[in-house]
file entry.csv (CSV, C-alpha atoms)
chain,number,residue,atom,x,y,z
A,1,MET,CA,4.7,23.0,-13.5
A,2,SER,CA,1.8,20.6,-13.0
A,3,ARG,CA,1.0,19.3,-9.5
A,4,PHE,CA,-0.7,16.0,-8.9
A,5,SER,CA,-3.5,14.5,-6.8
A,6,ALA,CA,-3.4,10.8,-5.9
A,7,ASN,CA,-6.7,9.1,-6.5
A,8,LEU,CA,-6.8,6.6,-3.7
A,9,GLY,CA,-9.5,4.5,-5.4
A,10,PHE,CA,-6.7,3.4,-7.8
A,11,LEU,CA,-3.4,4.1,-6.0
A,12,TRP,CA,-2.2,2.3,-2.8
A,13,THR,CA,-5.5,0.3,-2.6
A,14,GLU,CA,-3.6,-2.4,-0.7
A,15,LEU,CA,-3.3,-0.1,2.3
A,16,PRO,CA,-5.9,1.2,4.8
A,17,LEU,CA,-7.1,4.6,3.6
A,18,PRO,CA,-5.3,6.6,6.3
A,19,ASP,CA,-2.0,4.8,5.4
A,20,ALA,CA,-2.7,5.4,1.7
A,21,ILE,CA,-2.9,9.1,2.4
A,22,ARG,CA,0.4,9.0,4.2
A,23,ALA,CA,2.0,7.1,1.3
A,24,ALA,CA,0.7,9.7,-1.1
A,25,LYS,CA,2.3,12.5,1.0
A,26,ALA,CA,5.6,10.6,1.1
A,27,ALA,CA,5.6,10.1,-2.7
A,28,GLY,CA,5.3,13.8,-3.3
A,29,PHE,CA,1.6,14.2,-4.2
A,30,ALA,CA,0.1,17.6,-3.5
A,31,ALA,CA,-3.5,16.3,-2.8
A,32,VAL,CA,-5.6,13.2,-2.6
A,33,GLU,CA,-9.1,12.3,-3.9
A,34,LEU,CA,-11.3,9.4,-2.9
A,35,HIS,CA,-13.9,7.1,-4.4
A,36,TRP,CA,-16.1,5.6,-1.8
A,37,PRO,CA,-14.4,6.1,1.6
A,38,TYR,CA,-17.5,5.5,3.7
A,39,ASP,CA,-16.4,2.2,5.3
A,40,THR,CA,-13.5,4.2,6.9
A,41,PRO,CA,-14.5,6.5,9.8
A,42,ALA,CA,-14.3,10.0,8.6
A,43,GLN,CA,-12.4,11.1,11.7
A,44,ASP,CA,-9.7,8.6,10.8
A,45,VAL,CA,-9.4,10.1,7.4
A,46,ARG,CA,-9.4,13.6,8.8
A,47,ALA,CA,-6.6,12.7,11.2
A,48,ALA,CA,-4.4,11.4,8.4
A,49,LEU,CA,-5.1,14.6,6.3
A,50,ASP,CA,-4.2,16.8,9.2
A,51,GLU,CA,-1.0,14.8,9.9
A,52,THR,CA,0.1,15.1,6.3
A,53,GLY,CA,-1.2,18.5,5.5
A,54,LEU,CA,-2.8,17.2,2.2
A,55,PRO,CA,-6.1,18.6,1.0
A,56,VAL,CA,-8.7,16.2,-0.2
A,57,LEU,CA,-10.2,17.3,-3.5
A,58,GLY,CA,-13.3,15.2,-3.6
A,59,LEU,CA,-15.2,12.0,-3.3
A,60,ASN,CA,-17.9,10.1,-5.0
A,61,THR,CA,-21.5,9.4,-4.1
A,62,ARG,CA,-22.3,5.7,-3.4
A,63,ARG,CA,-22.8,3.4,-6.3
A,64,GLY,CA,-25.9,1.7,-5.2
A,65,ASP,CA,-26.2,-2.1,-5.4
A,66,VAL,CA,-22.6,-3.0,-6.3
A,67,ALA,CA,-23.3,-6.7,-6.6
A,68,ALA,CA,-25.9,-5.9,-9.2
A,69,GLY,CA,-23.4,-3.8,-11.2
A,70,GLU,CA,-24.9,-0.5,-10.3
A,71,TYR,CA,-22.7,2.6,-10.8
A,72,GLY,CA,-24.8,5.3,-9.1
A,73,VAL,CA,-28.5,6.0,-8.7
A,74,PHE,CA,-29.1,9.6,-9.7
A,75,ALA,CA,-30.5,8.8,-13.2
A,76,LEU,CA,-32.5,5.8,-12.1
A,77,VAL,CA,-36.2,6.3,-12.2
A,78,GLY,CA,-38.0,5.6,-8.9
A,79,ARG,CA,-34.7,5.8,-6.9
A,80,GLU,CA,-35.0,9.4,-5.8
A,81,ASP,CA,-35.0,8.6,-2.1
A,82,GLU,CA,-31.7,6.7,-2.5
A,83,ALA,CA,-30.2,9.6,-4.5
A,84,LEU,CA,-31.2,12.0,-1.6
A,85,ALA,CA,-29.6,9.6,0.9
A,86,ALA,CA,-26.5,9.3,-1.2
A,87,ILE,CA,-25.9,13.1,-1.5
A,88,SER,CA,-26.7,13.6,2.2
A,89,GLN,CA,-24.1,11.0,3.1
A,90,SER,CA,-21.5,12.5,0.9
A,91,ILE,CA,-22.1,16.0,2.1
A,92,ALA,CA,-21.8,14.9,5.7
A,93,TYR,CA,-18.6,12.9,5.1
A,94,ALA,CA,-17.1,15.8,3.0
A,95,GLY,CA,-17.8,18.2,5.9
A,96,VAL,CA,-15.7,16.1,8.3
A,97,ILE,CA,-12.7,15.6,6.0
A,98,GLY,CA,-12.8,19.0,4.4
A,99,ALA,CA,-13.4,17.8,0.8
A,100,GLY,CA,-14.1,20.4,-1.8
A,101,ALA,CA,-16.2,18.5,-4.3
A,102,ILE,CA,-18.6,15.6,-4.7
A,103,HIS,CA,-18.8,13.5,-7.9
A,104,VAL,CA,-22.5,12.7,-8.3
A,105,MET,CA,-22.7,9.3,-10.1
A,106,ALA,CA,-25.5,9.0,-12.6
A,107,GLY,CA,-25.7,5.2,-12.9
A,108,ASN,CA,-26.6,2.9,-15.7
A,109,ALA,CA,-29.6,4.3,-17.5
A,110,HIS,CA,-30.8,5.8,-20.8
A,111,GLY,CA,-33.7,7.6,-22.3
A,112,ALA,CA,-35.8,10.7,-21.7
A,113,LYS,CA,-37.1,9.6,-18.3
A,114,ALA,CA,-33.6,8.9,-17.0
A,115,ARG,CA,-32.5,12.3,-18.2
A,116,GLU,CA,-35.4,14.0,-16.4
A,117,THR,CA,-34.6,12.0,-13.3
A,118,PHE,CA,-30.9,12.9,-13.4
A,119,VAL,CA,-31.5,16.6,-13.9
A,120,ARG,CA,-34.1,16.7,-11.1
A,121,ASN,CA,-31.8,14.9,-8.7
A,122,LEU,CA,-28.8,16.9,-9.7
A,123,LYS,CA,-30.6,20.1,-9.1
A,124,VAL,CA,-31.4,19.0,-5.5
A,125,ALA,CA,-27.8,17.9,-5.0
A,126,CYS,CA,-26.5,21.3,-6.2
A,127,GLU,CA,-28.8,23.2,-3.9
A,128,MET,CA,-27.9,21.0,-0.9
A,129,ALA,CA,-24.2,21.2,-1.6
A,130,ARG,CA,-24.2,25.0,-2.2
A,131,GLY,CA,-25.1,25.5,1.5
A,132,HIS,CA,-21.9,23.7,2.4
A,133,ASP,CA,-19.6,25.5,-0.1
A,134,LEU,CA,-19.2,22.2,-2.1
A,135,THR,CA,-18.8,21.8,-5.9
A,136,ILE,CA,-20.9,19.1,-7.6
A,137,LEU,CA,-19.1,17.3,-10.4
A,138,ILE,CA,-20.5,15.1,-13.2
A,139,GLU,CA,-18.3,12.9,-15.3
A,140,PRO,CA,-18.9,11.1,-18.6
A,141,LEU,CA,-17.5,7.6,-18.7
A,142,ASN,CA,-16.4,5.8,-21.8
A,143,GLY,CA,-18.5,3.2,-23.4
A,144,PHE,CA,-15.8,0.5,-23.3
A,145,ASP,CA,-15.5,0.5,-19.5
A,146,ALA,CA,-19.0,1.5,-18.7
A,147,PRO,CA,-21.2,0.6,-21.6
A,148,ASN,CA,-24.5,1.4,-19.9
A,149,TYR,CA,-23.6,4.6,-18.0
A,150,PHE,CA,-26.0,7.5,-18.5
A,151,LEU,CA,-23.4,10.2,-19.1
A,152,ARG,CA,-21.6,9.1,-22.3
A,153,ASP,CA,-19.7,12.2,-23.6
A,154,THR,CA,-18.7,15.7,-22.8
A,155,ALA,CA,-21.3,17.2,-25.1
A,156,GLN,CA,-24.1,15.6,-23.1
A,157,ALA,CA,-22.6,16.7,-19.8
A,158,GLU,CA,-22.0,20.3,-21.1
A,159,GLN,CA,-25.7,20.5,-22.2
A,160,ILE,CA,-26.9,19.5,-18.7
A,161,ILE,CA,-24.5,21.9,-17.0
A,162,HIS,CA,-25.7,24.8,-19.1
A,163,GLU,CA,-29.3,23.8,-18.7
A,164,LEU,CA,-29.2,23.7,-14.9
A,165,ASN,CA,-27.0,26.8,-14.7
A,166,ALA,CA,-26.1,26.1,-11.1
A,167,PRO,CA,-23.1,28.1,-9.9
A,168,ASN,CA,-21.5,25.0,-8.1
A,169,LEU,CA,-22.0,22.5,-10.9
A,170,ARG,CA,-18.9,21.6,-12.9
A,171,LEU,CA,-17.5,19.0,-15.3
A,172,MET,CA,-15.1,16.3,-14.2
A,173,PHE,CA,-12.8,16.1,-17.3
A,174,ASP,CA,-11.0,12.7,-17.3
A,175,CYS,CA,-8.5,12.7,-20.1
A,176,TYR,CA,-8.6,9.0,-20.2
A,177,HIS,CA,-12.4,8.7,-20.7
A,178,VAL,CA,-12.4,11.6,-23.3
A,179,GLY,CA,-9.4,10.0,-25.1
A,180,ARG,CA,-11.1,6.7,-25.4
A,181,THR,CA,-14.6,8.0,-26.4
A,182,GLU,CA,-14.0,11.3,-28.2
A,183,GLY,CA,-10.3,11.8,-28.9
A,184,GLN,CA,-8.8,15.3,-29.4
A,185,VAL,CA,-8.2,15.6,-25.7
A,186,GLY,CA,-6.3,18.9,-26.0
A,187,ALA,CA,-8.9,20.6,-28.1
A,188,ARG,CA,-11.7,19.5,-25.8
A,189,LEU,CA,-9.8,20.7,-22.8
A,190,GLU,CA,-9.5,24.1,-24.3
A,191,LYS,CA,-13.2,24.3,-25.3
A,192,LEU,CA,-14.6,23.1,-22.0
A,193,MET,CA,-12.2,24.8,-19.6
A,194,PRO,CA,-14.8,27.4,-18.5
A,195,ILE,CA,-17.0,24.6,-17.0
A,196,ILE,CA,-14.3,22.2,-15.8
A,197,GLY,CA,-14.1,21.6,-12.0
A,198,HIS,CA,-11.5,18.9,-11.9
A,199,ILE,CA,-9.1,17.1,-14.3
A,200,GLN,CA,-8.0,13.5,-14.2
A,201,PHE,CA,-5.7,11.4,-16.4
A,202,ALA,CA,-4.4,8.0,-17.3
A,203,SER,CA,-2.8,6.5,-20.3
A,204,VAL,CA,-5.0,5.7,-23.3
A,205,PRO,CA,-6.2,3.0,-24.0
A,206,ASP,CA,-5.0,0.8,-21.2
A,207,ARG,CA,-5.5,3.2,-18.2
A,208,GLY,CA,-2.0,2.7,-17.0
A,209,ALA,CA,0.6,5.3,-15.9
A,210,PRO,CA,0.6,8.5,-18.1
A,211,ASP,CA,4.1,8.1,-19.5
A,212,GLN,CA,2.8,5.5,-22.0
A,213,GLY,CA,-0.1,5.2,-24.5
A,214,GLU,CA,-1.6,7.3,-27.3
A,215,VAL,CA,-1.9,10.6,-25.4
A,216,ASP,CA,1.2,12.7,-25.0
A,217,TYR,CA,0.8,14.0,-21.4
A,218,LYS,CA,3.9,16.1,-21.5
A,219,VAL,CA,2.1,18.1,-24.2
A,220,ILE,CA,-1.3,17.9,-22.4
A,221,PHE,CA,0.1,19.0,-19.0
A,222,LYS,CA,1.9,22.0,-20.6
A,223,GLN,CA,-1.4,23.0,-22.3
A,224,ILE,CA,-3.3,22.8,-19.0
A,225,ASP,CA,-0.7,25.0,-17.4
A,226,ALA,CA,-1.0,27.5,-20.3
A,227,LEU,CA,-4.7,27.6,-19.9
A,228,GLY,CA,-4.2,28.9,-16.4
A,229,TRP,CA,-5.2,25.8,-14.5
A,230,ASP,CA,-3.4,25.9,-11.1
A,231,ARG,CA,-5.0,23.0,-9.2
A,232,PRO,CA,-3.6,19.5,-8.8
A,233,LEU,CA,-4.4,17.0,-11.6
A,234,GLY,CA,-5.9,13.7,-10.5
A,235,ALA,CA,-3.8,10.6,-11.2
A,236,GLU,CA,-6.5,8.0,-11.6
A,237,TYR,CA,-4.8,5.0,-13.3
A,238,ASN,CA,-4.1,1.3,-12.7
A,239,PRO,CA,-0.5,1.0,-11.4
A,240,LEU,CA,1.6,-1.9,-12.7
A,241,GLY,CA,2.6,-3.6,-9.5
A,242,LEU,CA,3.0,-1.6,-6.3
A,243,THR,CA,2.1,2.1,-6.7
A,244,GLY,CA,5.3,3.4,-5.2
A,245,GLU,CA,7.5,1.6,-7.6
A,246,GLY,CA,6.0,3.2,-10.7
A,247,LEU,CA,6.0,6.9,-10.0
A,248,ASN,CA,8.9,8.0,-12.3
A,249,TRP,CA,6.3,9.8,-14.5
A,250,MET,CA,5.9,12.4,-11.8
A,251,THR,CA,9.4,13.7,-12.5
A,252,THR,CA,9.5,13.1,-16.3
A,253,LEU,CA,6.1,14.6,-17.0
A,254,GLY,CA,5.6,17.0,-14.1

call {"tool": "encode", "arguments": {"input": "entry.csv", "output": "structure tokens"}}
result
Amino acid sequence: MSRFSANLGFLWTELPLPDAIRAAKAAGFAAVELHWPYDTPAQDVRAALDETGLPVLGLNTRRGDVAAGEYGVFALVGREDEALAAISQSIAYAGVIGAGAIHVMAGNAHGAKARETFVRNLKVACEMARGHDLTILIEPLNGFDAPNYFLRDTAQAEQIIHELNAPNLRLMFDCYHVGRTEGQVGARLEKLMPIIGHIQFASVPDRGAPDQGEVDYKVIFKQIDALGWDRPLGAEYNPLGLTGEGLNWMTTLG
């Protein structure tokens, strides 16, 4: 039976982060994951995690200049110092809260120079994180929600992962992004399972709760179980109304 992780970048966003962790525990989630928790003192997050007993699966590197629409800096030419500062910050925060993975955000970029920059910065991030027993994740984002994002599909991410061949570099497989951009979510899950480090989900195409939309998650979750995946799956969707009032899917699908 599938277990679930609450992505607190989407769920219970009306609450302070420590209270959102407590709400996730009360709702029956087996873990949590974070987006950009850096405005909350890491010790406060750690206290809530210790209180609830929930593990934190991962967090993201900073986005850069949010007002300018940036979505990461690791593929941005000439921004290497910021990329180094971002991974250093994430490693330090992850160390306090006990996170297991860091999602390195590539940013809005394209072309050969951007690829060279991303691969070079990613190699540094993997080397730094390896000393702290942390997994580095990269995630393709769909072109509807993030039209200028560097990582566009799983084939591109797979190629980079194999090229770097770092033992702690894995794919963040978001069923929602794959469903919107590539389709055949089940087939791609099976093909890419050897390099997947975390799995997320939301309905396709509206990114709502998983008990609606084009992807049959009852089938997908059973397939994931059959493939031997035993870690919590990340619920990263836009709730309709208050998060706690729309969690029936945890019973019907889980």

call {"tool": "residues_around", "arguments": {"input": "entry.csv", "residues": "Ala27 (chain A)", "least_positions_apart": "6", "cutoff": "12 Å", "atoms": "only C-alpha atoms", "output": "number ranges by chain"}}
result
A: 4-6, 11-12, 20-21, 52, 243-251

call {"tool": "closest_residue", "arguments": {"input": "entry.csv", "among": "A:Pro239, A:Gly78, A:Gly208, A:Gly64", "to": "Leu8 (chain A)", "atoms": "only C-alpha atoms"}}
result
A:Pro239

call {"tool": "closest_residue", "arguments": {"input": "entry.csv", "among": "A:Phe221, A:Phe201, A:Phe150, A:Trp229", "to": "Asn7 (chain A)", "atoms": "only C-alpha atoms"}}
result
A:Phe201

call {"tool": "closest_residue", "arguments": {"input": "entry.csv", "among": "A:Glu214, A:Asp145, A:Glu70, A:Asp44", "to": "Gln184 (chain A)", "atoms": "all atoms listed in the file"}}
result
A:Glu214

call {"tool": "atom_distance", "arguments": {"input": "entry.csv", "atom1": "CA of Arg188 (chain A)", "atom2": "CA of Leu233 (chain A)"}}
result
16.2 Å

call {"tool": "closest_residue", "arguments": {"input": "entry.csv", "among": "A:Met128, A:Asp174, A:Val185, A:Met193", "to": "Ala235 (chain A)", "atoms": "only C-alpha atoms"}}
result
A:Asp174

call {"tool": "closest_residue", "arguments": {"input": "entry.csv", "among": "A:Leu253, A:Ala125, A:Ile196, A:Ala23", "to": "Ala157 (chain A)", "atoms": "only C-alpha atoms"}}
result
A:Ile196

call {"tool": "atom_distance", "arguments": {"input": "entry.csv", "atom1": "CA of Trp36 (chain A)", "atom2": "CA of His103 (chain A)"}}
result
10.3 Å

call {"tool": "residues_around", "arguments": {"input": "entry.csv", "residues": "Asp225 (chain A)", "least_positions_apart": "6", "cutoff": "12 Å", "atoms": "all atoms listed in the file", "output": "list in words"}}
result
Met1, Ser2, Arg3, Gly186, Leu189, Glu190, Met193, Ile199, Tyr217, Lys218, Val219, Arg231, Pro232, Leu233 and Gly254 of chain A

call {"tool": "write_last_selection", "arguments": {"input": "entry.csv", "atoms": "C-alpha atoms", "output": "PDB file, in the frame of the given file"}}
result
ATOM      1  CA  MET A   1       4.700  23.000 -13.500  1.00  0.00           C
ATOM      2  CA  SER A   2       1.800  20.600 -13.000  1.00  0.00           C
ATOM      3  CA  ARG A   3       1.000  19.300  -9.500  1.00  0.00           C
ATOM      4  CA  GLY A 186      -6.300  18.900 -26.000  1.00  0.00           C
ATOM      5  CA  LEU A 189      -9.800  20.700 -22.800  1.00  0.00           C
ATOM      6  CA  GLU A 190      -9.500  24.100 -24.300  1.00  0.00           C
ATOM      7  CA  MET A 193     -12.200  24.800 -19.600  1.00  0.00           C
ATOM      8  CA  ILE A 199      -9.100  17.100 -14.300  1.00  0.00           C
ATOM      9  CA  TYR A 217       0.800  14.000 -21.400  1.00  0.00           C
ATOM     10  CA  LYS A 218       3.900  16.100 -21.500  1.00  0.00           C
ATOM     11  CA  VAL A 219       2.100  18.100 -24.200  1.00  0.00           C
ATOM     12  CA  ARG A 231      -5.000  23.000  -9.200  1.00  0.00           C
ATOM     13  CA  PRO A 232      -3.600  19.500  -8.800  1.00  0.00           C
ATOM     14  CA  LEU A 233      -4.400  17.000 -11.600  1.00  0.00           C
ATOM     15  CA  GLY A 254       5.600  17.000 -14.100  1.00  0.00           C
TER      16      GLY A 254
END
